[in-house]
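Engineer: Here it is, the structure, as structure tokens.
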Amino acid sequence: MIVLGIDPGTKVTGYGIVEKISGKLTHVTYGEIRIKRGELLSQGLKKIYDSLMKIVVQFDPQAIAIENIFYGKNVQSLIKQAQARGVAILVASHTGIPIYEYTPLEVKKAAVGYGRAEKSQVQHMVKAILGLPELPPEDASDALAIAICHSNFLKVDPF
């Protein structure tokens, strides 16, 4: 099974693809979609959509896993994150790929074993789990952790 994990954001959207074959996880690809400073939000959201569509067409995942929005003090940041999540959900909808959501606590617990892990701990565990030669960037690492989480939990109720 090929799983695309997405860590949505309007400044940086991380993505990571893992494949699970006979219980073994391997990394396929990862990266970050970066929006230029000062770029219009609508242009940034379109860039996220276009980039994710290219990734889906190229790698043909069977599932998309995305991080659920969590509570935050900055309402404006949460609204922007929700817009980026909406774009990822739209990609899944347009391609017919089931989408699953996980809380940050579930993702960290699946990757690190501790739900309150720091970003650097997630990076190091993702590197170890997937046997990567170097630490992936933070947002890509989070996306890979989301894909790992889904590969291990395999929720059955699509979003």
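Labeling convention for the structure tokens: chains A, B, ... as they appear, residues from 1 per chain, ligands from 1 in order of appearance.
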Please identify which residues in range 12-154 of chain A DSSP calls helix (DSSP H, G or I) from the backbone, and express them as number ranges by chain.

Structural biologist: A: 41-59, 75-95, 104-112, 119-130, 138-153

Engineer: Show which residues sit within 9 Å of Thr13 in chain A, as a list in words. Count only C-alpha atoms, and ignore same-chain residues fewer than 3 positions away.

Structural biologist: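 What passes the distance filter is Ile6, Asp7, Pro8, Gly9, Thr10, Gly31, Glu32, Ile33, Arg34, Ile35, Ile48, Ala84, Asp139, Ala140 and Ala143 of chain A.
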
Engineer: The selected residues should be written to file as a PDB file, in the first residue's frame (atoms: N, CA and C atoms).

Structural biologist:
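Done, and the output landed in part20.pdb:
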ATOM      1  N   ILE A   6       0.324  14.227   4.335  1.00  0.00           N
ATOM      2  CA  ILE A   6       0.375  15.673   4.060  1.00  0.00           C
ATOM      3  C   ILE A   6       0.311  16.431   5.373  1.00  0.00           C
ATOM      4  N   ASP A   7       1.250  17.353   5.552  1.00  0.00           N
ATOM      5  CA  ASP A   7       1.258  18.271   6.689  1.00  0.00           C
ATOM      6  C   ASP A   7       0.924  19.650   6.117  1.00  0.00           C
ATOM      7  N   PRO A   8      -0.349  20.047   6.159  1.00  0.00           N
ATOM      8  CA  PRO A   8      -0.777  21.254   5.461  1.00  0.00           C
ATOM      9  C   PRO A   8      -0.363  22.548   6.158  1.00  0.00           C
ATOM     10  N   GLY A   9      -0.006  23.526   5.365  1.00  0.00           N
ATOM     11  CA  GLY A   9       0.320  24.857   5.859  1.00  0.00           C
ATOM     12  C   GLY A   9       0.334  25.825   4.691  1.00  0.00           C
ATOM     13  N   THR A  10       0.047  27.093   4.954  1.00  0.00           N
ATOM     14  CA  THR A  10       0.026  28.054   3.852  1.00  0.00           C
ATOM     15  C   THR A  10       1.405  28.658   3.587  1.00  0.00           C
ATOM     16  N   GLY A  31       9.067  15.885   0.498  1.00  0.00           N
ATOM     17  CA  GLY A  31       9.465  17.238   0.131  1.00  0.00           C
ATOM     18  C   GLY A  31       8.560  18.273   0.765  1.00  0.00           C
ATOM     19  N   GLU A  32       8.777  19.500   0.373  1.00  0.00           N
ATOM     20  CA  GLU A  32       7.996  20.616   0.896  1.00  0.00           C
ATOM     21  C   GLU A  32       7.554  21.517  -0.242  1.00  0.00           C
ATOM     22  N   ILE A  33       6.322  21.958  -0.160  1.00  0.00           N
ATOM     23  CA  ILE A  33       5.791  22.929  -1.114  1.00  0.00           C
ATOM     24  C   ILE A  33       5.851  24.273  -0.397  1.00  0.00           C
ATOM     25  N   ARG A  34       6.704  25.143  -0.870  1.00  0.00           N
ATOM     26  CA  ARG A  34       6.926  26.438  -0.201  1.00  0.00           C
ATOM     27  C   ARG A  34       6.232  27.560  -0.963  1.00  0.00           C
ATOM     28  N   ILE A  35       5.570  28.413  -0.205  1.00  0.00           N
ATOM     29  CA  ILE A  35       4.900  29.574  -0.777  1.00  0.00           C
ATOM     30  C   ILE A  35       5.791  30.783  -0.539  1.00  0.00           C
ATOM     31  N   ILE A  48      -0.254  24.825  -3.981  1.00  0.00           N
ATOM     32  CA  ILE A  48      -0.375  23.608  -3.176  1.00  0.00           C
ATOM     33  C   ILE A  48      -1.201  22.578  -3.936  1.00  0.00           C
ATOM     34  N   ALA A  84      -5.443  25.334   3.770  1.00  0.00           N
ATOM     35  CA  ALA A  84      -4.488  24.412   3.145  1.00  0.00           C
ATOM     36  C   ALA A  84      -4.984  22.969   3.271  1.00  0.00           C
ATOM     37  N   ASP A 139       8.800  19.915   7.984  1.00  0.00           N
ATOM     38  CA  ASP A 139       7.442  19.702   7.476  1.00  0.00           C
ATOM     39  C   ASP A 139       7.332  18.409   6.673  1.00  0.00           C
ATOM     40  N   ALA A 140       8.380  18.053   5.952  1.00  0.00           N
ATOM     41  CA  ALA A 140       8.392  16.780   5.231  1.00  0.00           C
ATOM     42  C   ALA A 140       8.441  15.621   6.220  1.00  0.00           C
ATOM     43  N   ALA A 143       5.049  15.070   7.577  1.00  0.00           N
ATOM     44  CA  ALA A 143       4.213  14.397   6.578  1.00  0.00           C
ATOM     45  C   ALA A 143       4.545  12.905   6.506  1.00  0.00           C
TER      46      ALA A 143
END

Engineer: What is the distance between CA of Leu25 in chain A and CA of Ile2 in chain A, in Å to one decimal?

Structural biologist: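 Going from CA of Leu25 in chain A over to CA of Ile2 in chain A, I get 9.6 Å.
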
Engineer: Excluding same-chain residues fewer than 6 positions from Gly131 in chain A, what lies within 10 Å of it counting only C-alpha atoms, as a short mmCIF file (atom, residue, chain, number, x, y, z; two decimals) with all heavy atoms, in the first residue's frame?

Structural biologist:
data_model
loop_
_atom_site.label_atom_id
_atom_site.label_comp_id
_atom_site.auth_asym_id
_atom_site.auth_seq_id
_atom_site.Cartn_x
_atom_site.Cartn_y
_atom_site.Cartn_z
N LEU A 25 7.95 -0.96 6.05
CA LEU A 25 7.77 0.39 5.52
C LEU A 25 9.03 0.85 4.80
O LEU A 25 10.14 0.68 5.31
CB LEU A 25 7.49 1.37 6.66
CG LEU A 25 6.08 1.44 7.19
CD1 LEU A 25 6.02 2.41 8.36
CD2 LEU A 25 5.11 1.89 6.12
N THR A 26 8.83 1.43 3.62
CA THR A 26 9.94 2.06 2.91
C THR A 26 9.52 3.45 2.46
O THR A 26 8.34 3.70 2.21
CB THR A 26 10.37 1.24 1.67
OG1 THR A 26 9.26 1.07 0.81
CG2 THR A 26 10.93 -0.11 2.06
N HIS A 27 10.48 4.32 2.36
CA HIS A 27 10.22 5.69 1.92
C HIS A 27 10.26 5.72 0.40
O HIS A 27 11.09 5.07 -0.23
CB HIS A 27 11.28 6.61 2.56
CG HIS A 27 11.97 7.52 1.63
ND1 HIS A 27 13.11 7.17 0.96
CD2 HIS A 27 11.68 8.77 1.23
CE1 HIS A 27 13.49 8.17 0.20
NE2 HIS A 27 12.64 9.16 0.34
N MET A 125 13.22 9.93 14.56
CA MET A 125 12.54 8.64 14.50
C MET A 125 12.10 8.30 13.07
O MET A 125 12.21 7.15 12.65
CB MET A 125 11.35 8.60 15.45
CG MET A 125 11.74 8.42 16.90
SD MET A 125 12.78 6.96 17.20
CE MET A 125 11.68 5.64 16.77
#

Engineer: So that I can see what lies close to Ala110 in chain A, please list as a ChimeraX atom specification the residues with an atom at most 8 Å from it, counting only C-alpha atoms and leaving out residues fewer than 4 positions away in the same chain.

Structural biologist: /A:106,114,145,148-149,152

Engineer: Just want the 8 Å neighbourhood of Ile69 in chain A, counted on only C-alpha atoms, with same-chain residues fewer than 6 positions away dropped. Output as JSON, numbers by chain.

Structural biologist: {"A": [78, 81, 82, 103]}

Engineer: Rank nothing, just name the residue among A:Val107, A:Ile79, A:Met53, A:Leu40 nearest to Ala92 in chain A, using only C-alpha atoms.

Structural biologist: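 Closest to Ala92 in chain A, using only C-alpha atoms: A:Met53.
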
Engineer: Measuring between only C-alpha atoms, which one of A:Ala88, A:Ile64, A:Val12, A:Leu4 shows the shortest distance to Pro137 in chain A?

Structural biologist: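 Counting only C-alpha atoms, the residue closest to Pro137 in chain A is A:Val12.
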
Engineer: Counting only C-alpha atoms, figure out which residue out of A:Leu90, A:Leu52, A:Leu105, A:Ile66 gets nearest to Glu118 in chain A.

Structural biologist: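 So, comparing all the options, the nearest one is A:Leu105.
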
Engineer: Which residue out of A:Ser120, A:Ser141, A:Asn74, A:Ser151 has the minimum interatomic distance to Lys24 in chain A when only C-alpha atoms are used?

Structural biologist: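 Smallest separation from Lys24 in chain A among the options: A:Ser151.
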
Engineer: Just list the residues in range 96-149 of chain A DSSP gives strand (DSSP E) on the backbone, as a list in words.

Structural biologist: Ile99, Tyr100, Glu101 and Tyr102 of chain A

Engineer: Could you work out how far CA of Val87 in chain A lies from CA of Leu130 in chain A, giving the answer in Å with one decimal?

Structural biologist: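 Between these atoms lies a distance of 27.3 Å.
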
Engineer: Nearest to Val57 in chain A among A:Asp142, A:Gly16, A:Val91, A:Glu101, with distances taken over only C-alpha atoms: which residue is it?

Structural biologist: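 Answer, going by the shortest atom-to-atom distance: A:Val91.
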